[in-house]
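K.L.:
If you scroll down you'll find the structure; I have some questions about it.
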Amino acid sequence: MGAVITISLNAMTLISILMLVGLGLAIIYGLMGVINLSHGDFVTIGAFCLAIIQGLGGSFWLALLIAPLIGALLGFLTEQAIIRFLYARPLATIMATWGLSLIIQQSLQLIFGAAPQKVFSPLTTSINLLGVNYPSYRVVMVALSIAIIVMAFVIIRKTKFGLDLRTIIQDRDMAEALGIDTKFVYSIAFSLGTALAAIAGVLLAPLTAVIAQMGINYLAKSFFVVIVGGAGSVPGVVAGSLFVGGTETLLNYIVPTTLSQALVLVFAIILVRVRPSGLVRT
Amino acid sequence: MTSTHQKCIVSRRAMIQGAGAISLTGTSYLAAPSILYAADKIKIGFHSALTGLETLLGETQLNCFKMAVDEINSSGGIDGREIEYLVEDNQTTTRGAIDKTRKFIFEDNVDVIIGMITSLERTAALSVSAPAKQLLIYPTYYEGGECERYLACTGQIPNQSVDPFVPWITENVGKSVYILGSDYGWPQETAKAISTAFEINGGTTVGTEFFPFGVQDLGPAMDRIKASKPDVVWELFAGADALTFLKQYKSFEPGGFLLTNGLDELFTTAVDGANVEGIIVNQSYFSSLKSSANDKFLANYKNRFGQDKWVNAIAEATYIAVYLYSKSVEKAGSTDTEQVIDAMAGISFEAPQGPVSFEGSNNHLAVNSILGRCRNDGLYDIIENFGAITPTVAGCSLT
């Protein structure tokens with residue numbers, strides 16, 4: 001029984017990591033169709049925000065509030081300066097965002113140096129869950145991830161902004177004809193995506209090395225989650241994360257980690273072959 | 001179709017240019033009288049992990065390289081010849097290491113190549129430099145086993161790190177070990193040396209596992225450590241992944257005393273002290289060593305690169321590499337690669353870590369083997385110094 005709980009908690013941790021990073025990308029790539037290769041770097045920006053705020057004496061929770069604002073602001077500027085000119089040219093977007101990614105990484109390294117940034121976990125104790133000791137920070141991270149996913153779901157399904165966004169995705173020209181300010185909605189949606197990436201960065205920082213290149217590790221996986229789950233919806237991200245994170249963790253108990261990551265890729269390729277639109281069809 | 005066609009033209013043009021360059025270089029060598037050539041500057045090519053997985057180590061390594069070159073130049077150069085250097089970034093990749101090694105040898109005509117962090121960079125660079133009969137000096141501690149005339153190593157190999165460390169562990173800490181590391185050459189081969197050493201000293205290996213670069217969740221591994229109840233956990237993660245391990249190991253506290261030969265000041269000062277306090281590390285150098293040579297070395301470094309900065313063993317071994325080359329050229333009286341390599345054997349001097357000497361039979365350096373216990377500030381209290389140990393590479397006899 002104890003083993004089952006630990007395995008589930010470990011799976012939940014990886015699933016949460018994937019959900020957090022995948023969610024912002026699902027909005028930018030899944031909903032807007034923009035292939036944003038700098039998404040991982042907004043995760044890095046979030047983690048650096050935490051390091052800076054903690055360095056100045058601020059708390060982890062303060063960073064959790066400020067990082068998404070900075071992520072949103074930088075995302076808004078990126079959209080205004082680069083992305084909005086390229087909606088009709090997906091290939092150019094790939095090049096532009098890849099360039100942006102390199103610029104962000106090198107700028108961070110030039111400003112802060114190559115040494116990893118120091119961050120402190122807000123919780124260092126373990127809690128007892130159904131007879132199993134598990135690090136409390138991980139439990140909090142899982143809970144916050146679920147809360148963020150639910151919030152994103154509500155914003156997209158229940159608010160006027162969400163309705164506008166979904167209308168634009170179905171038919172941009174018609175939406176514009178109906179009086180929806182499509183440019184405004186797109187720039188807000190892009191900022192929302194980068195804000196979510198920055199939150200992910202803050203939440204991941206206590207588990208990993210905070211360096212200028214950390215985002216690379218998350219980029220491929222998050223595209224993976226969005227494509228497997230079904231591009232274009234919040235439930236798709238949840239399904240994709242459950243599939244990728246769950247399978248990887250379970251396999252990890254049977255075969256070496258390197259092999260389990262490779263096997264997940266194989267399963268994902270088979271899955272995309274069988275269900276080309278992903279686990280959740282829109 | 002178009003792109004294939006264009007590629008074809010480009011490669012043909014590049015080939016013609018390349019052929020031209022080679023013939024030109026050949027001519028200039030033949031034309032230049034040897035006295036004029038000898039009066040030139042000495043050119044060192046440095047390439048290392050300035051971006052990618054090992055970025056956190058590459059920066060300090062480059063700093064120490066520059067510092068050694070500048071010190072030698074300001075004291076009159078090598079036999080009156082000034083050293084000039086070129087710096088390239090191999091991005092911690094095999095491809096990058098091959099490209100930059102080629103560039104240094106065939107375009108820049110460097111006299112020696114120094115640098116690199118991971119074994120994958122070294123192996124890649126060596127595949128170009130050894131056939132070209134070009135000297136390469138590799139300063140990072142590694143898994144051992146290289147027996148190559150054109151490669152000189154100035155970092156620890158397992159008989160200098162693992163072999164003296166393990167008897168100390170089985171006597172003072174415990175006899176069962178769980179080994180975890182990144183999935184590539186250095187951790188895999190070092191793990192074998194660790195298991196063998198534990199066996200010899202009456203210990204056992206209760207688990208060994210490796211993880212892909214960029215691993216995000218080590219929860220399942222922590223579970224397995226907990227289940228196998230080792231006395232000792234030995235970590236061999238590369239670059240940034242080592243910090244992921246340290247943070248997650250601390251949060252799970254799966255049991256077992258953490259120790260390694262793969263951590264240093266640059267890692268442990270970059271995380272919350274609570275994550276690293278108490279870890280015991282074997283290295284050839286620690287910033288906290290007390291000696292006049294190290295005091296001077298560290299003071300110079302801090303004056304130049306920042307008072308809050310520290311030097312690790314890899315960077316100090318890179319500093320040694322430049323001096324080793326400089327002393328070998330002086331001894332040989334020439335930069336001719338063959339003569340320099342012959343001159344290296346037996347060179348010894350006082351390094352920041354203590355006395356070191358070069359073993360000509362396998363082209364490795366007799367470096368120190370020192371145990372440090374990590375403090376809350378990420379620096380190390382020296383708890384044992386095994387002194388300089390002669391490197392051994394099985395079956396190797398280069399002289």
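Letters A, B, ... mark the chains of the structure tokens in the order given; residue numbers begin at 1 per chain; ligand numbers begin at 1, in order shown.
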Quick one: residues within 6 Å of stretch 119-124 of chain A, only C-alpha atoms counted, chain neighbours fewer than 6 positions away excluded, as a compact mmCIF listing (two decimals) with all heavy atoms, in the first residue's frame?

P.N.:
```txt
# COMPACT_ATOMS: atom_id res chain seq x y z
N ALA A 51 14.97 33.79 -7.79
CA ALA A 51 16.32 33.96 -7.25
C ALA A 51 16.57 35.42 -6.88
O ALA A 51 17.13 35.72 -5.81
CB ALA A 51 17.36 33.48 -8.26
N TYR A 137 6.98 20.18 0.08
CA TYR A 137 6.99 21.12 -1.04
C TYR A 137 6.38 20.50 -2.30
O TYR A 137 5.65 21.13 -3.04
CB TYR A 137 8.42 21.61 -1.35
CG TYR A 137 8.41 22.55 -2.52
CD1 TYR A 137 7.87 23.83 -2.39
CD2 TYR A 137 8.83 22.14 -3.79
CE1 TYR A 137 7.78 24.69 -3.48
CE2 TYR A 137 8.74 22.99 -4.87
CZ TYR A 137 8.22 24.26 -4.72
OH TYR A 137 8.12 25.10 -5.79
N PRO A 206 12.91 25.22 -6.96
CA PRO A 206 13.45 24.49 -5.80
C PRO A 206 13.79 23.03 -6.08
O PRO A 206 14.40 22.37 -5.25
CB PRO A 206 12.31 24.58 -4.77
CG PRO A 206 11.50 25.74 -5.19
CD PRO A 206 11.58 25.76 -6.68
N ASP B 272 21.26 26.28 -1.55
CA ASP B 272 20.99 26.47 -0.13
C ASP B 272 21.94 25.57 0.67
O ASP B 272 22.03 24.37 0.41
CB ASP B 272 19.53 26.09 0.11
CG ASP B 272 19.10 26.26 1.55
OD1 ASP B 272 19.94 26.68 2.37
OD2 ASP B 272 17.92 25.99 1.85
```

K.L.:
When DSSP is applied to the backbone of this structure, which of stretch 122-341 of chain B are assigned strand (DSSP E or B)? Write them out as a PyMOL selection string.

P.N.:
chain B and resi 136-138+151-153+176-182+204-211+232-236+257-260+280-283

K.L.:
What are the closest atom pairs, with distances in Å to one decimal, for each residue of chain B lying within 9 Å of chain A, using only C-alpha atoms, rows by chain and rising residue number, as a Markdown table?

P.N.:
```
| residue | atom | partner | partner_atom | distance |
| --- | --- | --- | --- | --- |
| B:Leu50 | CA | A:Ala114 | CA | 8.4 |
| B:Thr51 | CA | A:Gln213 | CA | 8.0 |
| B:Gly52 | CA | A:Gln213 | CA | 6.8 |
| B:Leu53 | CA | A:Gln213 | CA | 7.9 |
| B:Thr55 | CA | A:Ala114 | CA | 6.0 |
| B:Leu56 | CA | A:Ala115 | CA | 4.9 |
| B:Leu57 | CA | A:Ala115 | CA | 7.9 |
| B:Gly58 | CA | A:Ala114 | CA | 8.2 |
| B:Glu59 | CA | A:Ala114 | CA | 6.4 |
| B:Thr60 | CA | A:Ala114 | CA | 8.8 |
| B:Asp183 | CA | A:Thr258 | CA | 7.6 |
| B:Glu209 | CA | A:Pro256 | CA | 7.2 |
| B:Phe210 | CA | A:Thr257 | CA | 7.2 |
| B:Phe211 | CA | A:Thr257 | CA | 5.6 |
| B:Pro212 | CA | A:Thr258 | CA | 5.2 |
| B:Phe213 | CA | A:Asn217 | CA | 8.7 |
| B:Gly214 | CA | A:Asn217 | CA | 5.6 |
| B:Val215 | CA | A:Asn217 | CA | 8.1 |
| B:Gln216 | CA | A:Thr208 | CA | 7.2 |
| B:Asp217 | CA | A:Leu14 | CA | 6.3 |
| B:Leu218 | CA | A:Asn10 | CA | 8.6 |
| B:Gly219 | CA | A:Asn10 | CA | 5.5 |
| B:Pro220 | CA | A:Asn10 | CA | 6.5 |
| B:Ala221 | CA | A:Asn252 | CA | 8.4 |
| B:Asp223 | CA | A:Thr6 | CA | 7.8 |
| B:Arg224 | CA | A:Tyr253 | CA | 8.7 |
| B:Ala240 | CA | A:Ala209 | CA | 5.5 |
| B:Asp241 | CA | A:Ala209 | CA | 6.9 |
| B:Ala242 | CA | A:Ala209 | CA | 8.1 |
| B:Leu243 | CA | A:Ala209 | CA | 5.2 |
| B:Thr244 | CA | A:Thr208 | CA | 4.0 |
| B:Phe245 | CA | A:Thr208 | CA | 7.7 |
| B:Leu246 | CA | A:Thr208 | CA | 8.7 |
| B:Lys247 | CA | A:Leu207 | CA | 5.8 |
| B:Gln248 | CA | A:Leu207 | CA | 6.0 |
| B:Lys250 | CA | A:Thr124 | CA | 8.4 |
| B:Ser251 | CA | A:Pro135 | CA | 5.7 |
| B:Phe252 | CA | A:Pro135 | CA | 5.9 |
| B:Glu253 | CA | A:Pro135 | CA | 8.9 |
| B:Leu266 | CA | A:Ala115 | CA | 7.2 |
| B:Phe267 | CA | A:Pro116 | CA | 7.8 |
| B:Thr269 | CA | A:Lys118 | CA | 8.2 |
| B:Ala270 | CA | A:Lys118 | CA | 5.2 |
| B:Val271 | CA | A:Lys118 | CA | 5.0 |
| B:Asp272 | CA | A:Phe120 | CA | 6.0 |
```

K.L.:
Looking at only C-alpha atoms, which of B:Ile279, B:Ala274, B:Ile44, B:Ala152 is the one that sits closest to B:Ile105?

P.N.:
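Checking each of B:Ile279, B:Ala274, B:Ile44, B:Ala152 against B:Ile105, counting only C-alpha atoms, the winner is B:Ile44.
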
K.L.:
Using only C-alpha atoms, determine which residues lie at most 9 Å from B:Ala191, disregarding the query and same-chain residues fewer than 5 positions distant; provide the list as a list of chain:residue names.

P.N.:
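That gives B:Glu143, B:Ile179, B:Leu180, B:Gly181, B:Trp186, B:Thr196, B:Thr208, B:Trp234, B:Leu236.
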
K.L.:
Keeping only N, CA, C and O atoms, write the selected residues as a PDB file, in the first residue's frame.

P.N.:
```
ATOM      1  N   GLU B 143      37.239   9.417 -15.835  1.00  0.00           N
ATOM      2  CA  GLU B 143      37.158   7.997 -15.481  1.00  0.00           C
ATOM      3  C   GLU B 143      38.464   7.227 -15.666  1.00  0.00           C
ATOM      4  O   GLU B 143      38.564   6.063 -15.299  1.00  0.00           O
ATOM      5  N   ILE B 179      25.196   3.899  -5.995  1.00  0.00           N
ATOM      6  CA  ILE B 179      25.801   4.865  -6.917  1.00  0.00           C
ATOM      7  C   ILE B 179      24.759   5.381  -7.906  1.00  0.00           C
ATOM      8  O   ILE B 179      24.043   4.589  -8.532  1.00  0.00           O
ATOM      9  N   LEU B 180      24.659   6.715  -8.044  1.00  0.00           N
ATOM     10  CA  LEU B 180      23.764   7.307  -9.043  1.00  0.00           C
ATOM     11  C   LEU B 180      24.545   8.335  -9.861  1.00  0.00           C
ATOM     12  O   LEU B 180      25.395   9.034  -9.316  1.00  0.00           O
ATOM     13  N   GLY B 181      24.222   8.436 -11.148  1.00  0.00           N
ATOM     14  CA  GLY B 181      24.916   9.431 -11.955  1.00  0.00           C
ATOM     15  C   GLY B 181      24.267   9.639 -13.299  1.00  0.00           C
ATOM     16  O   GLY B 181      23.258   9.001 -13.625  1.00  0.00           O
ATOM     17  N   TRP B 186      31.843   9.068 -18.109  1.00  0.00           N
ATOM     18  CA  TRP B 186      32.490   9.337 -16.821  1.00  0.00           C
ATOM     19  C   TRP B 186      31.793   8.641 -15.640  1.00  0.00           C
ATOM     20  O   TRP B 186      32.443   7.892 -14.885  1.00  0.00           O
ATOM     21  N   THR B 196      34.495  -1.827  -7.641  1.00  0.00           N
ATOM     22  CA  THR B 196      35.684  -2.665  -7.463  1.00  0.00           C
ATOM     23  C   THR B 196      36.391  -2.322  -6.154  1.00  0.00           C
ATOM     24  O   THR B 196      36.745  -3.218  -5.378  1.00  0.00           O
ATOM     25  N   THR B 208      23.226   0.616  -8.601  1.00  0.00           N
ATOM     26  CA  THR B 208      23.905   1.538  -9.503  1.00  0.00           C
ATOM     27  C   THR B 208      22.892   1.937 -10.550  1.00  0.00           C
ATOM     28  O   THR B 208      22.259   1.076 -11.162  1.00  0.00           O
ATOM     29  N   TRP B 234      26.738   7.596  -3.369  1.00  0.00           N
ATOM     30  CA  TRP B 234      27.806   8.249  -4.137  1.00  0.00           C
ATOM     31  C   TRP B 234      27.193   8.820  -5.403  1.00  0.00           C
ATOM     32  O   TRP B 234      26.671   8.072  -6.223  1.00  0.00           O
ATOM     33  N   LEU B 236      27.237  10.908  -9.063  1.00  0.00           N
ATOM     34  CA  LEU B 236      28.118  11.226 -10.192  1.00  0.00           C
ATOM     35  C   LEU B 236      27.324  11.936 -11.287  1.00  0.00           C
ATOM     36  O   LEU B 236      27.387  11.548 -12.450  1.00  0.00           O
TER      37      LEU B 236
END
```

K.L.:
With only C-alpha atoms as the basis for distance, which of B:Ala332, B:Met67, B:Leu62, B:Val322 is at the shortest distance from B:Ala299?

P.N.:
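Nearest to B:Ala299: B:Met67.
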